[in-house]
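Undergrad: My structure file protein-v9.pdb, PDB, C-alpha atoms and all ligand atoms, is below:
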```pdb
ATOM      1  CA  MET A  17       4.908  11.538   6.382
ATOM      2  CA  MET A  18       6.843  10.556   3.270
ATOM      3  CA  ASN A  19       5.442  11.289  -0.174
ATOM      4  CA  ILE A  20       8.092   9.924  -2.506
ATOM      5  CA  VAL A  21       8.426   9.591  -6.269
ATOM      6  CA  LEU A  22      10.838   7.007  -7.686
ATOM      7  CA  MET A  23      12.112   7.844 -11.163
ATOM      8  CA  GLY A  24      14.552   6.298 -13.570
ATOM      9  CA  PRO A  25      14.669   4.662 -16.991
ATOM     10  CA  PRO A  26      12.992   1.289 -17.655
ATOM     11  CA  GLY A  27      14.955  -1.390 -15.824
ATOM     12  CA  ALA A  28      16.715   1.008 -13.424
ATOM     13  CA  GLY A  29      15.398  -0.884 -10.402
ATOM     14  CA  LYS A  30      12.469   1.339  -9.381
ATOM     15  CA  GLY A  31      10.095  -1.515  -8.631
ATOM     16  CA  THR A  32      12.742  -3.524  -6.806
ATOM     17  CA  GLN A  33      13.645  -0.615  -4.511
ATOM     18  CA  ALA A  34      10.078   0.639  -4.085
ATOM     19  CA  GLU A  35       8.925  -2.734  -2.817
ATOM     20  CA  VAL A  36      11.477  -2.764   0.030
ATOM     21  CA  MET A  37      11.132   0.954   0.806
ATOM     22  CA  ALA A  38       7.352   0.665   1.110
ATOM     23  CA  ARG A  39       7.698  -2.200   3.574
ATOM     24  CA  LYS A  40      10.220  -0.259   5.679
ATOM     25  CA  LEU A  41       8.216   2.973   5.645
ATOM     26  CA  PHE A  42       4.770   1.335   6.103
ATOM     27  CA  VAL A  43       3.369   3.164   3.087
ATOM     28  CA  PRO A  44       1.823   1.771  -0.120
ATOM     29  CA  HIS A  45       3.941   1.048  -3.205
ATOM     30  CA  ILE A  46       1.987   2.487  -6.108
ATOM     31  CA  SER A  47       3.282   1.258  -9.468
ATOM     32  CA  THR A  48       1.430   2.616 -12.492
ATOM     33  CA  GLY A  49       2.798  -0.281 -14.571
ATOM     34  CA  ASP A  50       1.442  -2.820 -12.043
ATOM     35  CA  ILE A  51      -1.981  -1.123 -12.022
ATOM     36  CA  PHE A  52      -2.120  -1.152 -15.825
ATOM     37  CA  ARG A  53      -1.055  -4.815 -15.952
ATOM     38  CA  ALA A  54      -3.696  -5.770 -13.343
ATOM     39  CA  ASN A  55      -6.304  -4.043 -15.517
ATOM     40  CA  ILE A  56      -5.064  -5.805 -18.643
ATOM     41  CA  LYS A  57      -5.261  -9.158 -16.854
ATOM     42  CA  ALA A  58      -8.787  -8.411 -15.612
ATOM     43  CA  GLY A  59      -9.831  -7.286 -19.103
ATOM     44  CA  THR A  60     -11.193  -3.916 -17.964
ATOM     45  CA  GLU A  61     -11.846  -1.068 -20.381
ATOM     46  CA  LEU A  62      -8.850   0.810 -18.949
ATOM     47  CA  GLY A  63      -6.688  -2.273 -19.443
ATOM     48  CA  GLN A  64      -7.730  -2.708 -23.076
ATOM     49  CA  LEU A  65      -7.009   0.925 -23.834
ATOM     50  CA  ALA A  66      -3.667   0.964 -21.993
ATOM     51  CA  ASN A  67      -2.498  -2.248 -23.635
ATOM     52  CA  GLN A  68      -2.583  -0.632 -27.083
ATOM     53  CA  TYR A  69       0.232   1.663 -25.934
ATOM     54  CA  ILE A  70       2.079  -0.593 -23.490
ATOM     55  CA  SER A  71       2.486  -3.415 -26.013
ATOM     56  CA  LYS A  72       4.369  -1.042 -28.319
ATOM     57  CA  GLY A  73       6.440   0.473 -25.526
ATOM     58  CA  ASP A  74       4.712   3.841 -25.839
ATOM     59  CA  LEU A  75       3.293   5.882 -22.982
ATOM     60  CA  VAL A  76      -0.379   5.617 -22.110
ATOM     61  CA  PRO A  77      -1.965   9.065 -22.731
ATOM     62  CA  ASP A  78      -1.583  11.544 -19.872
ATOM     63  CA  GLU A  79      -5.354  12.045 -19.289
ATOM     64  CA  VAL A  80      -5.931   8.294 -18.890
ATOM     65  CA  THR A  81      -2.952   7.841 -16.615
ATOM     66  CA  MET A  82      -3.711  10.863 -14.440
ATOM     67  CA  GLY A  83      -7.375   9.895 -14.019
ATOM     68  CA  MET A  84      -6.267   6.508 -12.771
ATOM     69  CA  ILE A  85      -3.647   7.860 -10.364
ATOM     70  CA  LYS A  86      -5.955  10.525  -8.976
ATOM     71  CA  ASP A  87      -8.346   7.781  -7.866
ATOM     72  CA  ARG A  88      -5.522   5.736  -6.380
ATOM     73  CA  LEU A  89      -4.028   8.655  -4.416
ATOM     74  CA  SER A  90      -7.470   9.433  -2.979
ATOM     75  CA  GLU A  91      -7.597   6.050  -1.267
ATOM     76  CA  ASP A  92      -7.310   5.943   2.476
ATOM     77  CA  ASP A  93      -3.993   4.071   2.641
ATOM     78  CA  CYS A  94      -2.186   7.044   1.058
ATOM     79  CA  LYS A  95      -2.966   9.452   3.854
ATOM     80  CA  ASP A  96       0.338   8.894   5.693
ATOM     81  CA  GLY A  97       2.524   8.702   2.613
ATOM     82  CA  PHE A  98       3.207   6.709  -0.538
ATOM     83  CA  ILE A  99       5.913   5.588  -2.906
ATOM     84  CA  LEU A 100       4.982   6.414  -6.457
ATOM     85  CA  ASP A 101       6.849   4.193  -8.925
ATOM     86  CA  GLY A 102       6.628   5.013 -12.637
ATOM     87  CA  LEU A 103       4.783   8.330 -12.476
ATOM     88  CA  PRO A 104       5.276  11.082 -13.527
ATOM     89  CA  ARG A 105       6.760  10.183 -16.924
ATOM     90  CA  THR A 106       6.051  13.502 -18.637
ATOM     91  CA  ILE A 107       6.165  17.153 -17.569
ATOM     92  CA  VAL A 108       2.394  17.330 -18.098
ATOM     93  CA  GLN A 109       1.975  14.471 -15.608
ATOM     94  CA  ALA A 110       4.312  16.165 -13.121
ATOM     95  CA  ASP A 111       2.252  19.378 -13.168
ATOM     96  CA  ALA A 112      -0.998  17.389 -12.910
ATOM     97  CA  LEU A 113       0.387  15.387  -9.988
ATOM     98  CA  ALA A 114       1.317  18.576  -8.132
ATOM     99  CA  ALA A 115      -2.244  19.855  -8.656
ATOM    100  CA  ILE A 116      -3.821  16.599  -7.384
ATOM    101  CA  LEU A 117      -1.640  16.642  -4.279
ATOM    102  CA  ALA A 118      -2.308  20.355  -3.658
ATOM    103  CA  GLU A 119      -6.075  19.632  -3.730
ATOM    104  CA  GLN A 120      -5.473  17.065  -0.999
ATOM    105  CA  GLY A 121      -3.318  19.473   1.009
ATOM    106  CA  LYS A 122      -0.172  17.457   0.221
ATOM    107  CA  LYS A 123       3.114  17.814  -1.621
ATOM    108  CA  LEU A 124       6.051  15.662  -2.639
ATOM    109  CA  ASP A 125       8.869  15.344  -0.110
ATOM    110  CA  LYS A 126      11.507  13.802  -2.370
ATOM    111  CA  VAL A 127      12.031  12.594  -5.931
ATOM    112  CA  VAL A 128      14.538   9.763  -6.040
ATOM    113  CA  ASN A 129      16.138   9.323  -9.454
ATOM    114  CA  ILE A 130      17.920   6.005 -10.061
ATOM    115  CA  ASP A 131      20.603   6.371 -12.684
ATOM    116  CA  VAL A 132      21.901   3.347 -14.671
ATOM    117  CA  PRO A 133      23.905   3.223 -17.933
ATOM    118  CA  THR A 134      21.972   2.098 -21.017
ATOM    119  CA  ASP A 135      23.851  -1.161 -21.693
ATOM    120  CA  LYS A 136      23.017  -2.334 -18.164
ATOM    121  CA  LEU A 137      19.359  -1.412 -18.658
ATOM    122  CA  ILE A 138      19.065  -3.709 -21.658
ATOM    123  CA  GLU A 139      20.637  -6.554 -19.722
ATOM    124  CA  ARG A 140      18.330  -5.976 -16.743
ATOM    125  CA  LEU A 141      15.167  -5.733 -18.847
ATOM    126  CA  SER A 142      15.846  -8.768 -20.973
ATOM    127  CA  GLY A 143      16.552 -10.947 -17.891
ATOM    128  CA  ARG A 144      13.584  -9.668 -15.890
ATOM    129  CA  ARG A 145      10.933 -12.152 -14.805
ATOM    130  CA  VAL A 146       7.743 -11.243 -12.940
ATOM    131  CA  CYS A 147       5.326 -13.255 -10.799
ATOM    132  CA  ARG A 148       1.962 -13.639 -12.508
ATOM    133  CA  ASN A 149       0.272 -13.801  -9.146
ATOM    134  CA  CYS A 150       1.884 -11.129  -6.891
ATOM    135  CA  ALA A 151       4.004  -9.059  -9.349
ATOM    136  CA  GLN A 152       7.250  -9.673  -7.424
ATOM    137  CA  THR A 153      10.216  -9.051  -9.754
ATOM    138  CA  TYR A 154      13.250 -11.282 -10.302
ATOM    139  CA  HIS A 155      16.248 -11.422 -12.652
ATOM    140  CA  LEU A 156      17.522 -14.623 -14.239
ATOM    141  CA  VAL A 157      21.124 -13.775 -13.259
ATOM    142  CA  ASN A 158      21.132 -10.818 -10.839
ATOM    143  CA  ASN A 159      18.273 -11.827  -8.572
ATOM    144  CA  PRO A 160      17.104 -15.359  -9.366
ATOM    145  CA  PRO A 161      14.295 -17.127  -7.486
ATOM    146  CA  THR A 162      15.247 -20.105  -5.308
ATOM    147  CA  GLU A 163      13.367 -22.475  -7.610
ATOM    148  CA  PRO A 164      13.575 -21.615 -11.316
ATOM    149  CA  GLY A 165      10.295 -20.241 -12.702
ATOM    150  CA  ARG A 166       8.603 -20.041  -9.253
ATOM    151  CA  CYS A 167       7.988 -17.013  -7.053
ATOM    152  CA  ASP A 168       9.716 -17.171  -3.628
ATOM    153  CA  GLU A 169       6.938 -15.100  -2.064
ATOM    154  CA  CYS A 170       3.832 -16.955  -3.228
ATOM    155  CA  GLY A 171       4.855 -19.911  -5.414
ATOM    156  CA  GLY A 172       3.278 -18.231  -8.452
ATOM    157  CA  GLU A 173       4.504 -18.748 -11.999
ATOM    158  CA  LEU A 174       7.167 -16.363 -13.327
ATOM    159  CA  TYR A 175       6.765 -14.907 -16.817
ATOM    160  CA  GLN A 176       8.525 -12.474 -19.120
ATOM    161  CA  ARG A 177       6.641  -9.253 -19.799
ATOM    162  CA  ALA A 178       5.787  -8.899 -23.525
ATOM    163  CA  ASP A 179       7.218  -5.367 -23.489
ATOM    164  CA  ASP A 180      10.544  -6.734 -22.190
ATOM    165  CA  ALA A 181      11.139  -8.296 -25.623
ATOM    166  CA  VAL A 182      14.268  -6.850 -27.252
ATOM    167  CA  GLU A 183      12.250  -5.256 -30.086
ATOM    168  CA  THR A 184      10.199  -3.191 -27.622
ATOM    169  CA  ILE A 185      13.012  -2.335 -25.207
ATOM    170  CA  GLN A 186      14.717   0.089 -27.601
ATOM    171  CA  ASN A 187      11.534   2.073 -28.162
ATOM    172  CA  ARG A 188      10.939   2.301 -24.406
ATOM    173  CA  LEU A 189      14.455   3.653 -23.892
ATOM    174  CA  ASP A 190      13.911   6.210 -26.695
ATOM    175  CA  VAL A 191      10.562   7.241 -25.212
ATOM    176  CA  TYR A 192      12.251   7.641 -21.851
ATOM    177  CA  GLN A 193      14.956   9.938 -23.292
ATOM    178  CA  ALA A 194      12.457  12.070 -25.200
ATOM    179  CA  GLN A 195       9.605  12.355 -22.703
ATOM    180  CA  SER A 196      10.768  11.421 -19.211
ATOM    181  CA  ALA A 197      14.437  12.434 -18.890
ATOM    182  CA  PRO A 198      13.518  16.172 -18.821
ATOM    183  CA  LEU A 199      11.859  15.509 -15.450
ATOM    184  CA  ILE A 200      15.301  15.281 -13.850
ATOM    185  CA  GLU A 201      15.920  19.001 -14.486
ATOM    186  CA  TYR A 202      12.310  19.806 -13.626
ATOM    187  CA  TYR A 203      12.603  18.335 -10.131
ATOM    188  CA  ALA A 204      16.184  19.521  -9.621
ATOM    189  CA  ALA A 205      14.931  23.080 -10.207
ATOM    190  CA  LYS A 206      12.318  22.518  -7.486
ATOM    191  CA  GLY A 207      14.979  21.313  -5.056
ATOM    192  CA  LEU A 208      13.342  17.894  -4.716
ATOM    193  CA  LEU A 209      15.812  15.684  -6.571
ATOM    194  CA  LEU A 210      17.880  12.970  -4.932
ATOM    195  CA  SER A 211      20.206  11.304  -7.482
ATOM    196  CA  ILE A 212      21.224   7.717  -6.809
ATOM    197  CA  ASN A 213      23.821   5.594  -8.554
ATOM    198  CA  GLY A 214      21.779   2.561  -9.601
ATOM    199  CA  ASP A 215      24.782   0.762 -11.077
ATOM    200  CA  GLN A 216      25.558  -1.186  -7.900
ATOM    201  CA  SER A 217      24.069  -4.109  -6.016
ATOM    202  CA  ILE A 218      20.380  -4.002  -5.055
ATOM    203  CA  ASN A 219      21.339  -3.685  -1.412
ATOM    204  CA  ASN A 220      23.890  -0.912  -1.951
ATOM    205  CA  VAL A 221      21.333   1.080  -3.923
ATOM    206  CA  LEU A 222      18.927   0.716  -1.008
ATOM    207  CA  VAL A 223      21.566   1.960   1.453
ATOM    208  CA  GLU A 224      22.328   4.997  -0.741
ATOM    209  CA  VAL A 225      18.620   5.826  -0.975
ATOM    210  CA  GLY A 226      18.222   5.509   2.795
ATOM    211  CA  ASN A 227      21.174   7.788   3.455
ATOM    212  CA  GLY A 228      19.859  10.321   0.943
ATOM    213  CA  LEU A 229      16.464  10.364   2.630
ATOM    214  CA  GLY A 230      18.070  10.729   6.045
ATOM    215  CA  LEU A 231      16.743   7.354   7.143
ATOM    216  CA  ASN A 232      19.024   4.945   8.866
ATOM    217  CA  TRP A 233      17.813   1.599   7.515
TER     218      TRP A 233
HETATM  219  P1  LIG B 301      12.161  -0.840 -13.058
HETATM  220  O1  LIG B 301      10.967  -0.937 -12.138
HETATM  221  O2  LIG B 301      12.910   0.441 -12.873
HETATM  222  O3  LIG B 301      11.811  -1.081 -14.498
HETATM  223  P2  LIG B 301      12.998  -3.380 -11.839
HETATM  224  O4  LIG B 301      12.983  -3.104 -10.381
HETATM  225  O5  LIG B 301      11.883  -4.163 -12.388
HETATM  226  O6  LIG B 301      13.173  -1.971 -12.651
HETATM  227  O7  LIG B 301      14.388  -4.055 -12.200
HETATM  228  C1  LIG B 301      14.694  -4.445 -13.539
HETATM  229  C2  LIG B 301      15.434  -5.771 -13.519
HETATM  230  O8  LIG B 301      16.760  -5.579 -12.983
HETATM  231  C3  LIG B 301      14.782  -6.836 -12.657
HETATM  232  O9  LIG B 301      14.967  -8.084 -13.277
HETATM  233  C4  LIG B 301      15.541  -6.749 -11.324
HETATM  234  O10 LIG B 301      15.577  -7.991 -10.655
HETATM  235  C5  LIG B 301      16.922  -6.319 -11.773
HETATM  236  N1  LIG B 301      17.597  -5.386 -10.846
HETATM  237  C6  LIG B 301      17.019  -4.439 -10.073
HETATM  238  N2  LIG B 301      17.944  -3.755  -9.361
HETATM  239  C7  LIG B 301      19.160  -4.288  -9.703
HETATM  240  C8  LIG B 301      20.519  -4.002  -9.315
HETATM  241  N3  LIG B 301      20.815  -3.028  -8.435
HETATM  242  N4  LIG B 301      21.489  -4.758  -9.864
HETATM  243  C9  LIG B 301      21.200  -5.730 -10.764
HETATM  244  N5  LIG B 301      19.945  -6.039 -11.167
HETATM  245  C10 LIG B 301      18.924  -5.326 -10.654
HETATM  246  P1  LIG B 302       9.334  -0.181 -16.263
HETATM  247  O1  LIG B 302       9.333  -0.934 -14.968
HETATM  248  O2  LIG B 302      10.064  -0.933 -17.320
HETATM  249  O3  LIG B 302       9.807   1.219 -16.106
HETATM  250  P2  LIG B 302       6.487   0.046 -15.917
HETATM  251  O4  LIG B 302       6.012  -1.264 -15.394
HETATM  252  O5  LIG B 302       6.649   1.149 -14.948
HETATM  253  O6  LIG B 302       7.831  -0.156 -16.762
HETATM  254  O7  LIG B 302       5.512   0.545 -17.074
HETATM  255  C1  LIG B 302       5.162  -0.321 -18.142
HETATM  256  C2  LIG B 302       4.447   0.464 -19.213
HETATM  257  O8  LIG B 302       3.240   1.037 -18.675
HETATM  258  C3  LIG B 302       5.221   1.659 -19.782
HETATM  259  O9  LIG B 302       6.098   1.289 -20.820
HETATM  260  C4  LIG B 302       4.067   2.524 -20.292
HETATM  261  O10 LIG B 302       3.564   2.042 -21.512
HETATM  262  C5  LIG B 302       3.001   2.308 -19.230
HETATM  263  N1  LIG B 302       3.119   3.324 -18.161
HETATM  264  C6  LIG B 302       3.539   3.140 -16.888
HETATM  265  N2  LIG B 302       3.531   4.292 -16.198
HETATM  266  C7  LIG B 302       3.112   5.245 -17.067
HETATM  267  C8  LIG B 302       2.900   6.647 -16.980
HETATM  268  N3  LIG B 302       3.149   7.326 -15.832
HETATM  269  N4  LIG B 302       2.473   7.298 -18.085
HETATM  270  C9  LIG B 302       2.218   6.648 -19.235
HETATM  271  N5  LIG B 302       2.393   5.331 -19.394
HETATM  272  C10 LIG B 302       2.833   4.624 -18.321
HETATM  273 ZN    ZN B 303       4.495 -14.194  -6.348
END
```
As a first step, turn the structure in this file into structure tokens.
Ligand code: ADP
Ligand code: ADP
Ligand code: ZN

TA:
Amino acid sequence: MMNIVLMGPPGAGKGTQAEVMARKLFVPHISTGDIFRANIKAGTELGQLANQYISKGDLVPDEVTMGMIKDRLSEDDCKDGFILDGLPRTIVQADALAAILAEQGKKLDKVVNIDVPTDKLIERLSGRRVCRNCAQTYHLVNNPPTEPGRCDECGGELYQRADDAVETIQNRLDVYQAQSAPLIEYYAAKGLLLSINGDQSINNVLVEVGNGLGLNW
């Protein structure tokens, strides 16, 4: 049983690591950003509401986000664990998450925080490309697909997220500092925090996470 939260600023590598970790641990990778983007693409009411915030690089309101994640965590595939990527992003969300899990007789086992210096974040975000079809993430320089513009996994078309435009990146980093960074202390005080140096290769980050979790992968 592994109930894990992955935290870190935008572009730290949460999605990249979560994808591999979920496969190794046989648990679902739950990305709030991916769920919002799927809703935006499908044109749902939730998607239309969320997009008003996401397009500016602001956080979607806590009540909306927590309602969505409560439903997701109630699904059957979460019963033996999950990797939560991108939530909580506020202290209010962290308290609400603890309450949802307590109702289900669960708790978090570890909060993995991926730390990366700001100049690297900007470089990672501006070179990020995502598959329109399966949401697999690439980087033009650091992690390019075999064929430019095409997803290795499914052949889907790669695109640049609108909120990865330079104008929006700075606001997202500011929002992170103001609203999400305090979660590091919050989880450290609960004895749940595992701090990882994210300023190294994708594979070395994965090894450090595995060692920190006591898993030999
Ligand atoms: P997050 O989910 O935290 O926003 P991503 O996993 O989407 O971050 O990674 C952001 C970008 O940086 C992507 O383009 C990804 O390919 C790239 N990236 C991820 N991890 C690393 C790393 N360790 N070194 C260099 N680039 C990375
Ligand atoms: P990144 O990979 O760059 O960290 P995500 O894909 O996780 O970004 O999230 C994209 C956007 O979705 C965020 O900028 C925010 O607007 C919204 N979002 C994602 N998770 C949350 C959350 N837990 N609370 C509020 N908004 C969220
Ligand atoms: Zn794909």

Undergrad: Rank A:Leu231, A:Val80, A:Val182, A:Ala34 by their smallest atom-to-atom distance to Gln152 of chain A, using only C-alpha atoms, and report the top residue only.

TA: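 Distance minimum relative to Gln152 of chain A lands on A:Ala34.
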
Undergrad: Tell me which of A:Trp233, A:Tyr203, A:Tyr192, A:Phe98 sits closest to Phe42 of chain A, counting all atoms listed in the file.

TA: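 Of all the options, A:Phe98 lies closest to Phe42 of chain A.
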
Undergrad: Could you tell me, counting all atoms listed in the file, which protein and nucleic acid residues lie no more than 6 Å from ligand ZN 303 (chain B), written as a list in words?

TA: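 With all atoms listed in the file and a cut-off of 6 Å, ligand ZN 303 (chain B) is contacted by Cys147, Asn149, Cys150, Ala151, Gln152, Cys167, Glu169, Cys170, Gly171 and Gly172 of chain A.
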
Undergrad: Restricting the output to C-alpha atoms, write the selected residues as a short mmCIF file (atom, residue, chain, number, x, y, z; two decimals), keeping the file's coordinate frame.

TA:
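So out.cif came out as:
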```
data_model
loop_
_atom_site.label_atom_id
_atom_site.label_comp_id
_atom_site.auth_asym_id
_atom_site.auth_seq_id
_atom_site.Cartn_x
_atom_site.Cartn_y
_atom_site.Cartn_z
CA CYS A 147 5.33 -13.26 -10.80
CA ASN A 149 0.27 -13.80 -9.15
CA CYS A 150 1.88 -11.13 -6.89
CA ALA A 151 4.00 -9.06 -9.35
CA GLN A 152 7.25 -9.67 -7.42
CA CYS A 167 7.99 -17.01 -7.05
CA GLU A 169 6.94 -15.10 -2.06
CA CYS A 170 3.83 -16.95 -3.23
CA GLY A 171 4.86 -19.91 -5.41
CA GLY A 172 3.28 -18.23 -8.45
#
```

Undergrad: When you count only C-alpha atoms, which of these residues is closest to Glu224 of chain A: A:Ser142, A:Ser71, A:Asn55, A:Asn129?

TA: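 Smallest distance to Glu224 of chain A is found for A:Asn129.
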
Undergrad: Measuring atom to atom with all atoms listed in the file, identify which of A:Thr81, A:Ser47, A:Asn232, A:Ser90 is nearest to Gly102 of chain A.

TA: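 Result for the nearest residue to Gly102 of chain A: A:Ser47.
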
Undergrad: What's the separation between atom CA of Lys206 of chain A and atom CA of Asp125 of chain A, in Å to one decimal place?

TA: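 Pair atom CA of Lys206 of chain A / atom CA of Asp125 of chain A returns 10.9 Å.
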